[in-house]
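**Student:** As input, take input.cif (mmCIF, C-alpha atoms):
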```
data_upload
#
loop_
_atom_site.label_atom_id
_atom_site.label_comp_id
_atom_site.auth_asym_id
_atom_site.auth_seq_id
_atom_site.Cartn_x
_atom_site.Cartn_y
_atom_site.Cartn_z
CA MET A 15 -16.54 8.30 -38.50
CA THR A 16 -13.33 7.35 -36.78
CA GLY A 17 -11.29 8.54 -33.83
CA VAL A 18 -11.47 9.03 -30.09
CA LEU A 19 -14.12 6.79 -28.49
CA PRO A 20 -13.54 6.42 -24.74
CA VAL A 21 -14.75 3.01 -23.56
CA ALA A 22 -15.30 2.53 -19.83
CA LEU A 23 -14.97 -0.87 -18.17
CA ASN A 24 -17.17 -2.26 -15.38
CA ASP A 25 -17.65 0.27 -12.55
CA ALA A 26 -15.97 3.05 -14.56
CA THR A 27 -19.16 3.16 -16.68
CA LYS A 28 -20.63 5.21 -13.80
CA ALA A 29 -18.22 8.01 -14.73
CA LEU A 30 -19.41 8.13 -18.36
CA GLN A 31 -22.00 10.86 -17.81
CA ALA A 32 -19.11 13.30 -17.37
CA LEU A 33 -17.90 12.44 -20.90
CA LEU A 34 -21.31 12.63 -22.57
CA LEU A 35 -21.54 16.27 -21.50
CA ALA A 36 -17.90 17.12 -22.29
CA GLY A 37 -16.79 19.19 -25.28
CA LYS A 38 -15.49 17.50 -28.41
CA GLU A 39 -13.01 18.28 -31.13
CA TYR A 40 -13.10 17.06 -34.74
CA VAL A 41 -11.07 17.23 -37.92
CA GLY A 42 -13.18 16.89 -41.04
CA VAL A 43 -13.49 17.43 -44.76
CA MET A 44 -16.32 19.59 -46.07
CA LYS A 45 -17.12 19.48 -49.77
CA LEU A 46 -18.29 22.78 -51.21
CA HIS A 47 -20.70 22.48 -54.10
CA ARG A 48 -18.88 25.27 -55.94
CA GLU A 49 -15.39 26.75 -55.52
CA VAL A 50 -15.26 29.87 -53.33
CA PRO A 51 -12.37 32.24 -52.57
CA GLU A 52 -10.51 31.30 -49.38
CA ASP A 53 -11.05 34.69 -47.71
CA ARG A 54 -14.81 34.38 -48.29
CA LEU A 55 -14.84 30.91 -46.68
CA LEU A 56 -12.75 32.16 -43.73
CA GLU A 57 -15.14 35.07 -43.24
CA VAL A 58 -18.19 32.79 -43.16
CA MET A 59 -16.52 30.21 -40.88
CA LYS A 60 -15.72 33.00 -38.43
CA GLU A 61 -19.47 33.70 -38.19
CA PHE A 62 -19.97 30.16 -36.90
CA GLN A 63 -17.65 30.65 -33.92
CA GLY A 64 -19.28 31.40 -30.59
CA VAL A 65 -22.90 30.55 -29.77
CA ILE A 66 -24.79 29.23 -32.79
CA TYR A 67 -28.37 28.12 -33.35
CA GLN A 68 -28.79 24.63 -34.69
CA ARG A 69 -31.87 22.60 -35.57
CA PRO A 70 -31.13 18.87 -35.26
CA PRO A 71 -31.34 17.07 -38.63
CA ILE A 72 -34.35 14.95 -39.67
CA ARG A 73 -32.67 11.67 -38.77
CA ALA A 74 -31.69 12.79 -35.28
CA SER A 75 -31.68 11.06 -31.93
CA VAL A 76 -33.18 14.11 -30.18
CA LYS A 77 -36.26 16.31 -30.55
CA ARG A 78 -35.99 18.64 -33.56
CA ARG A 79 -36.29 22.02 -31.93
CA LEU A 80 -33.92 24.92 -32.47
CA ARG A 81 -31.24 24.89 -29.81
CA THR A 82 -28.01 26.74 -29.14
CA ARG A 83 -24.56 25.17 -29.21
CA LYS A 84 -21.14 26.63 -28.44
CA ILE A 85 -18.49 26.47 -31.13
CA TYR A 86 -15.27 27.22 -29.28
CA ARG A 87 -13.09 27.26 -32.36
CA LEU A 88 -13.54 26.66 -36.08
CA GLN A 89 -10.38 26.65 -38.18
CA LEU A 90 -9.75 26.12 -41.87
CA LEU A 91 -6.65 23.93 -42.13
CA GLU A 92 -6.51 23.64 -45.92
CA LEU A 93 -8.59 24.50 -48.96
CA ASP A 94 -8.06 22.44 -52.09
CA GLY A 95 -10.59 23.26 -54.80
CA LYS A 96 -13.98 22.29 -53.42
CA TYR A 97 -12.51 20.41 -50.46
CA ALA A 98 -12.08 22.23 -47.16
CA LEU A 99 -10.16 20.53 -44.35
CA PHE A 100 -11.30 21.99 -41.03
CA ARG A 101 -10.87 21.56 -37.30
CA VAL A 102 -13.72 22.34 -34.90
CA ALA A 103 -13.91 22.44 -31.10
CA CYS A 104 -17.51 22.36 -29.92
CA GLU A 105 -19.96 21.68 -27.14
CA ALA A 106 -21.41 18.17 -26.70
CA GLY A 107 -24.41 17.58 -28.96
CA THR A 108 -23.27 19.71 -31.91
CA TYR A 109 -24.12 18.18 -35.28
CA ILE A 110 -21.05 18.64 -37.46
CA ARG A 111 -22.82 17.38 -40.58
CA LYS A 112 -25.45 20.07 -40.01
CA LEU A 113 -22.75 22.67 -39.34
CA CYS A 114 -21.29 21.94 -42.79
CA VAL A 115 -24.69 22.26 -44.47
CA ASP A 116 -25.32 25.55 -42.65
CA ILE A 117 -21.90 26.90 -43.69
CA GLY A 118 -22.71 25.95 -47.29
CA GLU A 119 -25.99 27.78 -47.06
CA ALA A 120 -24.33 30.89 -45.63
CA LEU A 121 -21.79 30.78 -48.49
CA GLY A 122 -24.65 30.48 -50.97
CA CYS A 123 -23.09 27.56 -52.80
CA GLY A 124 -24.12 24.64 -50.59
CA ALA A 125 -21.79 22.16 -48.87
CA HIS A 126 -21.80 18.81 -47.15
CA MET A 127 -19.57 16.89 -44.77
CA GLN A 128 -17.42 14.35 -46.54
CA GLU A 129 -15.36 12.86 -43.73
CA LEU A 130 -15.02 13.26 -39.99
CA ARG A 131 -12.59 12.14 -37.32
CA ARG A 132 -12.99 12.88 -33.61
CA VAL A 133 -9.68 14.05 -32.15
CA ARG A 134 -10.92 14.86 -28.64
CA SER A 135 -13.68 13.77 -26.30
CA GLY A 136 -13.44 15.83 -23.10
CA PRO A 137 -10.05 15.04 -21.51
CA PHE A 138 -9.23 12.24 -24.01
CA THR A 139 -7.25 13.22 -27.10
CA GLU A 140 -5.73 11.62 -30.12
CA ASP A 141 -2.24 12.42 -28.84
CA GLU A 142 -2.37 10.62 -25.53
CA ASN A 143 -2.53 6.83 -25.46
CA LEU A 144 -5.04 6.31 -28.27
CA VAL A 145 -5.47 2.55 -28.59
CA THR A 146 -6.56 0.43 -31.56
CA LEU A 147 -8.52 -2.80 -31.09
CA GLN A 148 -5.35 -4.61 -32.27
CA ASP A 149 -3.20 -2.89 -29.57
CA LEU A 150 -5.75 -3.93 -26.99
CA SER A 151 -5.92 -7.49 -28.22
CA ASP A 152 -2.09 -7.78 -28.16
CA ALA A 153 -1.91 -6.40 -24.60
CA VAL A 154 -4.56 -8.83 -23.35
CA TYR A 155 -2.65 -11.68 -25.02
CA ALA A 156 0.58 -10.68 -23.24
CA TRP A 157 -1.26 -10.62 -19.93
CA LYS A 158 -3.18 -13.88 -20.29
CA ASN A 159 -0.56 -15.95 -22.11
CA GLU A 160 2.74 -14.47 -20.99
CA GLY A 161 1.80 -13.15 -17.56
CA ASP A 162 2.93 -9.62 -18.48
CA GLU A 163 0.50 -7.08 -17.00
CA GLU A 164 2.39 -3.98 -18.04
CA PRO A 165 1.19 -3.50 -21.65
CA LEU A 166 -2.47 -3.74 -20.61
CA ARG A 167 -1.97 -1.53 -17.57
CA ARG A 168 -0.42 1.14 -19.77
CA LEU A 169 -3.31 1.05 -22.26
CA VAL A 170 -5.96 1.68 -19.62
CA PHE A 171 -6.55 5.02 -17.91
CA PRO A 172 -7.95 5.18 -14.37
CA MET A 173 -11.56 6.48 -14.45
CA GLU A 174 -10.33 9.62 -12.71
CA LYS A 175 -8.98 10.68 -16.12
CA ALA A 176 -12.56 10.79 -17.47
CA LEU A 177 -13.48 13.17 -14.63
CA SER A 178 -10.44 15.41 -14.93
CA LEU A 179 -12.26 18.35 -16.55
CA LEU A 180 -14.76 18.62 -13.69
CA PRO A 181 -13.99 21.05 -10.85
CA ARG A 182 -12.67 19.16 -7.81
CA ILE A 183 -13.60 19.01 -4.15
CA VAL A 184 -11.07 17.06 -2.04
CA ILE A 185 -12.44 15.61 1.20
CA ARG A 186 -11.24 14.06 4.48
CA ASP A 187 -10.95 10.30 4.90
CA SER A 188 -13.63 10.54 7.58
CA ALA A 189 -16.15 11.99 5.12
CA VAL A 190 -15.64 9.38 2.37
CA ASP A 191 -17.86 6.50 3.47
CA ALA A 192 -20.93 8.65 4.09
CA ILE A 193 -20.66 9.93 0.49
CA CYS A 194 -20.32 6.31 -0.71
CA HIS A 195 -23.68 5.69 0.97
CA GLY A 196 -25.21 8.66 -0.89
CA ALA A 197 -25.07 11.30 1.85
CA GLN A 198 -24.58 14.97 0.96
CA LEU A 199 -21.17 16.48 1.58
CA ALA A 200 -21.06 18.70 4.68
CA ALA A 201 -18.72 21.69 4.96
CA PRO A 202 -16.38 20.26 7.67
CA GLY A 203 -15.48 17.36 5.33
CA VAL A 204 -13.93 19.67 2.72
CA LEU A 205 -10.14 20.08 2.62
CA MET A 206 -9.55 21.67 -0.81
CA LEU A 207 -11.62 22.80 -3.76
CA ASP A 208 -11.20 24.40 -7.16
CA ASP A 209 -11.80 28.08 -7.58
CA GLY A 210 -14.71 29.17 -9.77
CA ILE A 211 -17.32 26.57 -8.74
CA LYS A 212 -20.89 27.93 -8.90
CA ALA A 213 -24.00 26.51 -7.24
CA GLY A 214 -25.49 23.91 -9.60
CA ASP A 215 -22.15 22.95 -11.21
CA LYS A 216 -21.25 19.27 -11.52
CA VAL A 217 -18.11 18.54 -9.47
CA VAL A 218 -16.00 15.48 -8.73
CA ILE A 219 -15.43 14.50 -5.10
CA LEU A 220 -11.90 13.15 -4.54
CA THR A 221 -9.95 11.64 -1.65
CA LEU A 222 -6.53 12.99 -0.67
CA LYS A 223 -5.09 10.00 -2.61
CA GLY A 224 -6.80 11.28 -5.75
CA GLU A 225 -9.47 8.57 -5.94
CA ALA A 226 -12.90 9.56 -7.27
CA VAL A 227 -15.64 9.13 -4.66
CA ALA A 228 -18.65 10.61 -6.47
CA ILE A 229 -19.99 13.04 -9.03
CA SER A 230 -21.98 15.72 -7.16
CA THR A 231 -23.80 18.99 -7.69
CA ALA A 232 -22.33 21.96 -5.85
CA LEU A 233 -24.81 23.73 -3.55
CA ALA A 234 -22.73 26.88 -3.12
CA GLU A 235 -19.89 28.68 -4.85
CA SER A 236 -16.19 28.11 -4.12
CA ARG A 237 -15.63 31.22 -2.03
CA GLU A 238 -18.72 30.49 0.09
CA ILE A 239 -17.71 26.85 0.65
CA LEU A 240 -14.28 28.05 1.76
CA GLU A 241 -15.88 30.08 4.58
CA MET A 242 -18.65 27.65 5.57
CA ARG A 243 -18.38 25.99 9.00
CA ARG A 244 -21.54 23.89 8.75
CA GLY A 245 -24.25 22.93 6.28
CA PHE A 246 -24.17 20.99 3.04
CA VAL A 247 -21.90 22.03 0.18
CA ALA A 248 -22.61 19.33 -2.45
CA LYS A 249 -25.38 16.88 -3.27
CA THR A 250 -24.20 13.40 -4.27
CA GLU A 251 -25.47 12.46 -7.74
CA ARG A 252 -23.48 9.37 -8.69
CA VAL A 253 -21.44 7.29 -6.24
CA LEU A 254 -18.26 5.96 -7.88
CA MET A 255 -16.45 4.33 -4.94
CA LYS A 256 -17.50 1.07 -3.30
CA PRO A 257 -18.91 1.61 0.23
CA GLY A 258 -16.57 0.20 2.86
CA THR A 259 -13.40 1.28 1.02
CA TYR A 260 -12.81 3.78 3.82
CA PRO A 261 -13.97 3.17 7.42
CA LYS A 262 -17.41 4.26 8.57
CA MET A 263 -16.92 7.34 10.75
CA TRP A 264 -20.47 8.59 10.90
CA GLY A 265 -23.25 7.94 13.40
CA SER A 266 -26.03 5.54 12.39
CA MET B 14 -18.73 36.41 -32.71
CA GLU B 15 -16.16 36.27 -29.91
CA PRO B 16 -14.33 32.96 -29.68
CA LEU B 17 -15.05 31.08 -26.45
CA LYS B 18 -12.50 29.21 -24.39
CA PRO B 19 -12.92 25.42 -24.60
CA PRO B 20 -13.39 23.79 -21.18
CA TRP B 21 -10.10 21.87 -21.53
CA GLU B 22 -8.17 25.15 -21.73
CA VAL B 23 -9.70 26.65 -18.57
CA GLU B 24 -7.10 26.72 -15.81
CA ARG B 25 -8.26 25.97 -12.30
CA LYS B 26 -6.69 26.84 -8.99
CA LEU B 27 -7.04 24.58 -5.95
CA LEU B 28 -8.03 26.51 -2.80
CA VAL B 29 -7.13 25.10 0.64
CA LYS B 30 -9.86 25.13 3.28
CA ASP B 31 -8.22 22.92 5.89
CA GLU B 32 -5.20 20.67 6.42
CA GLY B 33 -5.65 16.91 6.44
CA GLU B 34 -3.85 13.59 6.16
CA THR B 35 -4.91 10.34 4.56
CA ASP B 36 -4.59 6.91 6.18
CA PRO B 37 -2.50 4.59 3.95
CA ARG B 38 -4.50 1.58 5.21
CA TYR B 39 -7.59 2.56 3.22
CA GLY B 40 -8.01 2.98 -0.52
CA CYS B 41 -5.01 3.63 -2.77
CA LYS B 42 -3.77 6.09 -5.38
CA PRO B 43 -5.37 5.40 -8.78
CA GLU B 44 -1.94 4.52 -10.27
CA ASP B 45 -1.24 1.97 -7.51
CA ARG B 46 -4.32 -0.19 -8.14
CA THR B 47 -3.90 -3.92 -8.84
CA LEU B 48 -4.56 -4.82 -12.47
CA GLU B 49 -7.94 -6.28 -11.47
CA GLU B 50 -8.93 -3.04 -9.75
CA HIS B 51 -7.46 -1.01 -12.62
CA LEU B 52 -9.68 -2.90 -15.07
CA ARG B 53 -12.72 -2.54 -12.81
CA LEU B 54 -12.20 1.23 -12.76
CA GLY B 55 -10.56 1.72 -16.16
CA VAL B 56 -11.26 3.71 -19.30
CA ILE B 57 -9.71 2.93 -22.70
CA ASN B 58 -9.09 5.76 -25.15
CA LEU B 59 -10.11 3.73 -28.18
CA ASP B 60 -9.39 4.65 -31.80
CA LYS B 61 -12.69 3.73 -33.42
CA PRO B 62 -12.26 2.26 -36.91
CA SER B 63 -14.73 3.29 -39.62
CA GLY B 64 -17.43 0.77 -40.46
CA PRO B 65 -18.66 -0.76 -37.23
CA SER B 66 -20.90 1.23 -34.89
CA SER B 67 -19.70 2.59 -31.54
CA HIS B 68 -21.93 -0.01 -29.94
CA GLU B 69 -20.31 -2.90 -31.84
CA VAL B 70 -16.81 -1.64 -31.08
CA THR B 71 -17.68 -1.41 -27.38
CA ALA B 72 -18.96 -5.00 -27.46
CA TRP B 73 -15.63 -6.11 -28.98
CA VAL B 74 -13.68 -4.33 -26.24
CA LYS B 75 -15.83 -6.12 -23.68
CA ARG B 76 -15.04 -9.48 -25.25
CA ILE B 77 -11.31 -8.81 -25.80
CA VAL B 78 -10.67 -7.65 -22.23
CA GLY B 79 -13.15 -10.13 -20.76
CA VAL B 80 -15.11 -7.69 -18.61
CA GLU B 81 -18.79 -8.00 -17.75
CA VAL B 82 -19.81 -4.42 -18.51
CA ALA B 83 -18.47 -1.76 -20.86
CA GLY B 84 -19.93 1.49 -22.11
CA HIS B 85 -18.79 4.26 -24.41
CA GLY B 86 -18.81 8.00 -23.92
CA GLY B 87 -20.53 9.63 -26.89
CA THR B 88 -21.56 7.82 -30.06
CA LEU B 89 -19.51 8.15 -33.22
CA ALA B 90 -21.68 7.20 -36.17
CA PRO B 91 -20.49 4.48 -38.54
CA SER B 92 -19.17 5.86 -41.86
CA LEU B 93 -22.53 6.01 -43.62
CA GLY B 94 -24.80 5.97 -40.61
CA GLY B 95 -27.52 8.30 -39.45
CA GLU B 96 -27.13 11.64 -37.78
CA ILE B 97 -25.68 11.45 -34.33
CA PRO B 98 -24.55 14.51 -32.41
CA ALA B 99 -20.99 15.07 -31.26
#
```
Show me this structure written as structure tokens.
**Tutor:**
Amino acid sequence: MTGVLPVALNDATKALQALLLAGKEYVGVMKLHREVPEDRLLEVMKEFQGVIYQRPPIRASVKRRLRTRKIYRLQLLELDGKYALFRVACEAGTYIRKLCVDIGEALGCGAHMQELRRVRSGPFTEDENLVTLQDLSDAVYAWKNEGDEEPLRRLVFPMEKALSLLPRIVIRDSAVDAICHGAQLAAPGVLMLDDGIKAGDKVVILTLKGEAVAISTALAESREILEMRRGFVAKTERVLMKPGTYPKMWGS
Amino acid sequence: MEPLKPPWEVERKLLVKDEGETDPRYGCKPEDRTLEEHLRLGVINLDKPSGPSSHEVTAWVKRIVGVEVAGHGGTLAPSLGGEIPA
């Protein structure tokens, strides 16, 4: 398989968990074992949109029990004889090879996945700054041998990009260092937050400058947090910012 | 089945709880980081070639950029590899 593979450097690896759980998008070729009319294929593919049941294949990296996965969108881009070019947007952990086999079974003719390219991993897409190993190697050369930082800087996203699909909670400077030491976020530290957060949701804690401080679990919903005067609103799960970046403003 | 909205198409609205200011002496905007800091906190949107594994490609990135640690977000199987979920 080819395509979008976000690679995090050094401390940005701490933000990777947000990507592992993020939705993905693929373009692939499915080979049907017998030709079928296009409207029949479209009809069957439509059945695989929404929540599907999927049993992981024999050679899988997870336990083989039936589980549900969300297929946000499944489109047929082109049908040429037995070859179906498709695009699928799905939840993390969906087996596309299995999806093709299951579609083949539903059609009654059988099918398998022939080729696959990932065109999106969470917030990263094929259309925005997708870098080849050669591009990267050239940019590092320009930096190390010609003293030009710009090409490399342009090829690298700040880790905040990897977190950009998580709901946000923006906090005061005075609340930052306590979070960096693993403390829970208390209500008075909150300045802004995204609508629609529910208790238990993973959120990203940001400074007013837009820097990621931590990945946390919300302890209340957005509208409640907005009204809270005291108490904890989010539990820190993964600290992303170095302690001491902001001054210590909390009692020891 | 009803199509579901992918998470990247969900629009969010920022609600304001309180006013605040940030002290320019501490931290900095992500886009204003020095190159060293940018690489310490950076993510590369890599176009994985077919053939090598995600793990091998990540090791190459590590060597090319000269960083101590690198990790990838979600394995993409090599062309004829085993079954790995999305």
**Student:** So the first atom is atom CA of A:Leu56 and the second is atom CA of A:Glu119; what is the distance between them in Å, to one decimal place?
**Tutor:**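 Between these atoms lies a distance of 14.3 Å.
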**Student:** The PyMOL selection byres ((chain A and resi 168-177) around 7) on the file shown: which residues, as a ChimeraX atom specification?
**Tutor:** /A:26,29,32-33,137,143,145,164-167,178-180,218,225-226 /B:43,51,54-57
**Student:** Atom CA of A:Asp209 and atom CA of B:Glu24, how far apart in Å?
**Tutor:**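 Straight-line distance from atom CA of B:Glu24 to atom CA of A:Asp209 works out to 9.6 Å.
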**Student:** So what does the PyMOL selection byres ((chain A) within 7 of (chain B)) actually pick up in this one, as a ChimeraX atom specification?
**Tutor:** /A:15-27,30,33-34,38,61,63-64,71,73-75,86-87,106-109,137-138,143-146,151,154,167,169-173,179,186-187,204-209,222-225,240,259-260
**Student:** I'd like to see the residues matched by the PyMOL selection byres ((chain A and resi 116) around 12) on this file, and ideally I'd get them as an NGL selection string.
**Tutor:** :A and (44 or 46 or 58-59 or 61-62 or 66-71 or 109-115 or 117-127)
**Student:** Any idea what the distance is between atom CA of A:Lys45 and atom CA of A:Glu92?
**Tutor:**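 If I compute the distance from atom CA of A:Lys45 to atom CA of A:Glu92, I get 12.0 Å.
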**Student:** Can you tell me, as a list in words, what residues are no more than 7 Å from A:Glu251 when counting all atoms listed in the file, ignoring any on the same chain fewer than 6 positions away?
**Tutor:**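 After dropping sequence-adjacent residues, the list is Ile229, Ser230 and Thr231 of chain A.
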**Student:** Residues near A:Ser188, anyone? I mean within 9 Å using only C-alpha atoms, not counting same-chain ones fewer than 3 positions away, as number ranges by chain.
**Tutor:** A: 185, 191-192, 203, 260-264
**Student:** For each of A:Thr82, A:Gln31, A:Ser135, A:Thr250, take the minimum atom-to-atom distance to A:Ala197, counting all atoms listed in the file, then give the residue where this is smallest.
**Tutor:** A:Thr250
**Student:** What box, with edges along x, y and z, holds each listed atom of stretch 50-62 of chain A when 3 Å is added on every side, and can you state its centre and edge lengths in Å to one decimal, as lines of an AutoDock Vina configuration file?
**Tutor:**
```
center_x = -15.2
center_y = 32.5
center_z = -45.1
size_x = 15.5
size_y = 11.2
size_z = 22.4
```
